[in-house]
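Colleague: Shown below is the structure under consideration.
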Amino acid sequence: MKSLKIGIIGCSRIAKRSVIPAIIKSKYAEVEIIGSRSTEKAKEFANEFNCEKFGTYEDVISDDTVDVVYISTPINTHEEWSIKATEAGKHVYVEKSSTTDFDSAMRMVESAKENNVRLMEGFMFRFHPQHQKVKELIKEGKIGEVKSFNGVFGFPAFPKGDIRYDSGFLKDSGCYPICASRIIFDEEPSEVFGKLFKNEKYCDLSGSAILLYKNGKTATISYINGSYYQAKYEVWGTDGVISLDRAYSVPPDFTTKVTLQYNAENNWEGRRTETFEIEPKDHFLEMLDTFCMEITGTKKAPFDFEQDLLNQANVIELVGSGKDSANRS
């Protein structure tokens, strides 16, 4: 199949470290043009990745050869550039979190549908095979009936002035375990309770949430900027527990482990542990290829990109607002 040409909007760390290298590795995509607020920065990135074309954000949007726009700008600008791209007839891959609130997400999705293009939020972790292994173990009944999900994501404090302090860490890190709970339970929460802890500039540095799902299932979420690094989750069932220690941000050369704990006999001494090693995988590349194959009709994606973006935005807004219901009229 002919590779899709990708236009880059935003010369971010994640674009440099993970996304552009994935595009270069992909047989379904290629970097066409790199755009930045500063043409000097765009030129620097273009030179580093042997891309001949560079310019402003507007140059990327107006380039007729571009099929897909990758948006890696501050979260509060995602809606503007996503809609400009979709109105120009281009598919959009937007960094997480997709935008500032649910209504903004709705406008982004509506524009994509009106212009017959696709829109995907960049939760790359969901494309790593370790999560499929977790779901397989659950389906096989290895932990009995699933009752609870507990997810945490925290790391040492980012330097002062980092753009994450503009949007807060719910949208930067808390969003990951929230998304993971939705994936593992394969449904949306019926009720949401959240508490954010903010600094004097009203930026949330940490927070917690409880998500209630059908049949009494619960998800507890914690995230912290300025902590010992943790990026894990566990799924607790009537007969055992499945856990991941490196659930969200996984280097492409990193071997992950899925740990299963269960009882061979109904006593403490009867406890058993099995560990399944998952071979290294570039989840950015997996995500990009899935998006490209869906666009071209080569292979159907395992979920609806636009609906998932809306569902995630809904929960994030409710956690951030402290509302106690996930229902939307």
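By order of appearance in the structure tokens: chains A, B, ..., then residues from 1 within every chain, and ligands from 1 in the order shown.
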Enumerate, as a PyMOL selection string, the complete set of residues in segment 30-273 of chain A that a backbone-based DSSP assignment places in helix (DSSP H, G or I).
Modeller: chain A and resi 39-48+57-62+75-87+102-114+124-127+129-139+164-167+170-185+214-216+268-270
Colleague: Okay, now the selection with C-alpha atoms, as a tab-separated table (two decimals), in the first residue's frame?
Modeller:
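selection02.tsv written:
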chain	number	residue	atom	x	y	z
A	39	THR	CA	10.91	28.20	11.60
A	40	GLU	CA	14.39	27.80	13.07
A	41	LYS	CA	13.13	25.03	15.36
A	42	ALA	CA	11.30	23.43	12.46
A	43	LYS	CA	14.46	23.55	10.37
A	44	GLU	CA	16.47	22.00	13.22
A	45	PHE	CA	14.01	19.11	13.51
A	46	ALA	CA	13.83	18.69	9.74
A	47	ASN	CA	17.61	18.46	9.49
A	48	GLU	CA	17.79	15.93	12.30
A	57	TYR	CA	1.85	25.24	11.48
A	58	GLU	CA	-0.07	26.93	8.67
A	59	ASP	CA	2.41	25.57	6.13
A	60	VAL	CA	1.64	22.03	7.32
A	61	ILE	CA	-2.13	22.56	7.13
A	62	SER	CA	-1.97	24.07	3.64
A	75	ILE	CA	-3.27	20.79	25.15
A	76	ASN	CA	-5.17	24.09	25.09
A	77	THR	CA	-4.26	24.49	21.39
A	78	HIS	CA	-5.29	20.99	20.25
A	79	GLU	CA	-8.84	21.92	19.31
A	80	GLU	CA	-7.76	24.87	17.14
A	81	TRP	CA	-5.22	22.93	15.11
A	82	SER	CA	-7.25	19.74	14.95
A	83	ILE	CA	-10.22	21.54	13.44
A	84	LYS	CA	-8.02	23.50	11.04
A	85	ALA	CA	-6.51	20.20	9.89
A	86	THR	CA	-9.82	18.34	9.54
A	87	GLU	CA	-11.38	21.28	7.71
A	102	PHE	CA	-15.75	17.36	26.67
A	103	ASP	CA	-17.41	20.10	24.60
A	104	SER	CA	-14.09	20.83	22.91
A	105	ALA	CA	-13.68	17.12	22.14
A	106	MET	CA	-17.18	17.11	20.64
A	107	ARG	CA	-16.30	19.98	18.31
A	108	MET	CA	-13.15	18.17	17.19
A	109	VAL	CA	-15.00	14.94	16.46
A	110	GLU	CA	-17.88	16.71	14.70
A	111	SER	CA	-15.42	18.50	12.42
A	112	ALA	CA	-13.68	15.23	11.57
A	113	LYS	CA	-16.99	13.56	10.71
A	114	GLU	CA	-18.23	16.53	8.69
A	124	MET	CA	0.11	4.62	22.58
A	125	PHE	CA	0.28	2.33	25.63
A	126	ARG	CA	-2.96	0.57	24.70
A	127	PHE	CA	-1.23	-0.87	21.61
A	129	PRO	CA	0.78	-6.50	23.65
A	130	GLN	CA	1.12	-6.78	27.43
A	131	HIS	CA	-2.43	-5.43	27.84
A	132	GLN	CA	-3.77	-8.03	25.44
A	133	LYS	CA	-2.07	-10.67	27.58
A	134	VAL	CA	-3.86	-9.29	30.65
A	135	LYS	CA	-7.20	-9.49	28.85
A	136	GLU	CA	-6.45	-13.03	27.68
A	137	LEU	CA	-5.74	-14.17	31.25
A	138	ILE	CA	-8.98	-12.57	32.41
A	139	LYS	CA	-10.95	-14.21	29.59
A	164	ARG	CA	2.70	20.37	31.76
A	165	TYR	CA	2.13	22.94	34.49
A	166	ASP	CA	-0.16	24.83	32.10
A	167	SER	CA	-2.69	22.02	31.67
A	170	LEU	CA	-4.57	14.84	35.31
A	171	LYS	CA	-4.41	15.40	31.56
A	172	ASP	CA	-0.73	14.43	31.41
A	173	SER	CA	-0.47	11.34	33.62
A	174	GLY	CA	-3.72	10.63	35.47
A	175	CYS	CA	-5.33	10.09	32.08
A	176	TYR	CA	-3.29	6.91	31.54
A	177	PRO	CA	-4.62	4.69	34.36
A	178	ILE	CA	-8.11	6.11	33.74
A	179	CYS	CA	-7.87	4.99	30.12
A	180	ALA	CA	-6.39	1.64	31.18
A	181	SER	CA	-9.35	0.89	33.47
A	182	ARG	CA	-11.75	1.57	30.58
A	183	ILE	CA	-9.75	-0.80	28.37
A	184	ILE	CA	-9.54	-3.62	30.91
A	185	PHE	CA	-13.23	-3.44	31.88
A	214	LYS	CA	-21.24	-2.24	36.20
A	215	ASN	CA	-21.80	-5.17	38.56
A	216	GLY	CA	-19.94	-3.57	41.44
A	268	TRP	CA	-1.62	-18.97	52.25
A	269	GLU	CA	0.94	-21.68	51.51
A	270	GLY	CA	-1.00	-22.59	48.40
Colleague: What are the nearest atom pairs, with distances in Å to one decimal, for all residues of segment 179-229 of chain A that come at most 12 Å from segment 309-318 of chain A, using only C-alpha atoms, set out by chain and rising residue number as JSON lines?
Modeller:
{"residue": "A:Cys179", "atom": "CA", "partner": "A:Gln312", "partner_atom": "CA", "distance": 6.7}
{"residue": "A:Ala180", "atom": "CA", "partner": "A:Gln312", "partner_atom": "CA", "distance": 10.3}
{"residue": "A:Ser181", "atom": "CA", "partner": "A:Gln312", "partner_atom": "CA", "distance": 10.8}
{"residue": "A:Arg182", "atom": "CA", "partner": "A:Gln312", "partner_atom": "CA", "distance": 8.5}
{"residue": "A:Ile183", "atom": "CA", "partner": "A:Gln312", "partner_atom": "CA", "distance": 10.6}
{"residue": "A:Asp186", "atom": "CA", "partner": "A:Asn311", "partner_atom": "CA", "distance": 11.8}
{"residue": "A:Glu187", "atom": "CA", "partner": "A:Asn311", "partner_atom": "CA", "distance": 9.7}
{"residue": "A:Glu188", "atom": "CA", "partner": "A:Asn311", "partner_atom": "CA", "distance": 7.4}
{"residue": "A:Pro189", "atom": "CA", "partner": "A:Val315", "partner_atom": "CA", "distance": 8.0}
{"residue": "A:Ser190", "atom": "CA", "partner": "A:Val315", "partner_atom": "CA", "distance": 9.9}
{"residue": "A:Glu191", "atom": "CA", "partner": "A:Leu318", "partner_atom": "CA", "distance": 9.2}
{"residue": "A:Val192", "atom": "CA", "partner": "A:Leu318", "partner_atom": "CA", "distance": 6.5}
{"residue": "A:Phe193", "atom": "CA", "partner": "A:Leu318", "partner_atom": "CA", "distance": 7.5}
{"residue": "A:Gly194", "atom": "CA", "partner": "A:Leu318", "partner_atom": "CA", "distance": 7.4}
{"residue": "A:Lys195", "atom": "CA", "partner": "A:Leu318", "partner_atom": "CA", "distance": 10.1}
{"residue": "A:Leu196", "atom": "CA", "partner": "A:Leu318", "partner_atom": "CA", "distance": 11.3}
{"residue": "A:Gly207", "atom": "CA", "partner": "A:Ile316", "partner_atom": "CA", "distance": 11.7}
{"residue": "A:Ser208", "atom": "CA", "partner": "A:Ile316", "partner_atom": "CA", "distance": 11.6}
{"residue": "A:Ala209", "atom": "CA", "partner": "A:Leu318", "partner_atom": "CA", "distance": 9.8}
{"residue": "A:Ile210", "atom": "CA", "partner": "A:Val315", "partner_atom": "CA", "distance": 10.8}
{"residue": "A:Leu211", "atom": "CA", "partner": "A:Val315", "partner_atom": "CA", "distance": 8.9}
{"residue": "A:Leu212", "atom": "CA", "partner": "A:Val315", "partner_atom": "CA", "distance": 11.3}
{"residue": "A:Ile221", "atom": "CA", "partner": "A:Ile316", "partner_atom": "CA", "distance": 11.7}
Colleague: Within 8 Å of Lys281 of chain A, counting only C-alpha atoms, which residues qualify if same-chain residues fewer than 5 places away don't, as a compact mmCIF listing (two decimals) with C-alpha atoms, in the first residue's frame?
Modeller:
# COMPACT_ATOMS: atom_id res chain seq x y z
CA HIS A 128 1.41 -2.72 23.65
CA PRO A 129 0.78 -6.50 23.65
CA PRO A 252 10.74 0.01 22.44
CA ASP A 253 13.60 -2.25 23.61
CA PHE A 254 12.10 -3.01 27.04
Colleague: I'd like the contact shell of Phe276 of chain A - 9 Å cut-off, only C-alpha atoms, skipping same-chain residues fewer than 6 positions apart - returned as a ChimeraX atom specification.
Modeller: /A:133,256-260
Colleague: Between atom CA of Thr65 of chain A and atom CA of Phe123 of chain A, what distance in Å does the model show, to one decimal?
Modeller: 26.2 Å
Colleague: Which is closest to Gly10 of chain A among A:Thr296, A:Ser72, A:Asn115, A:Ser98, if we use only C-alpha atoms?
Modeller: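 Among the listed residues, the smallest separation from Gly10 of chain A belongs to A:Ser72.
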Colleague: Rounded to one decimal, what separation in Å do you get between atom CA of Asp204 of chain A and atom CA of Gly226 of chain A?
Modeller: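 That distance, rounded to one decimal, is 11.6 Å.
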Colleague: Give the answer as one residue: which of A:Asn150, A:Thr255, A:Asn225, A:Gln230 has the shortest atom-to-atom distance to Ser243 of chain A, using only C-alpha atoms?
Modeller: A:Asn150
Colleague: So which one's closest to Ile14 of chain A, A:Ile224, A:Phe284, A:Leu244, A:Asp101? Using only C-alpha atoms, please.
Modeller: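 Residue with the minimum atom-to-atom distance to Ile14 of chain A: A:Phe284.
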Colleague: To one decimal place, how far is atom CA of Ser227 of chain A from atom CA of Ile71 of chain A in Å?
Modeller: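 A separation of 28.6 Å between them.
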Colleague: I need the residues of segment 15-66 of chain A that end up classed as strand (DSSP E or B) by DSSP on the backbone, written out as a PyMOL selection string.
Modeller: chain A and resi 29-35+53-55
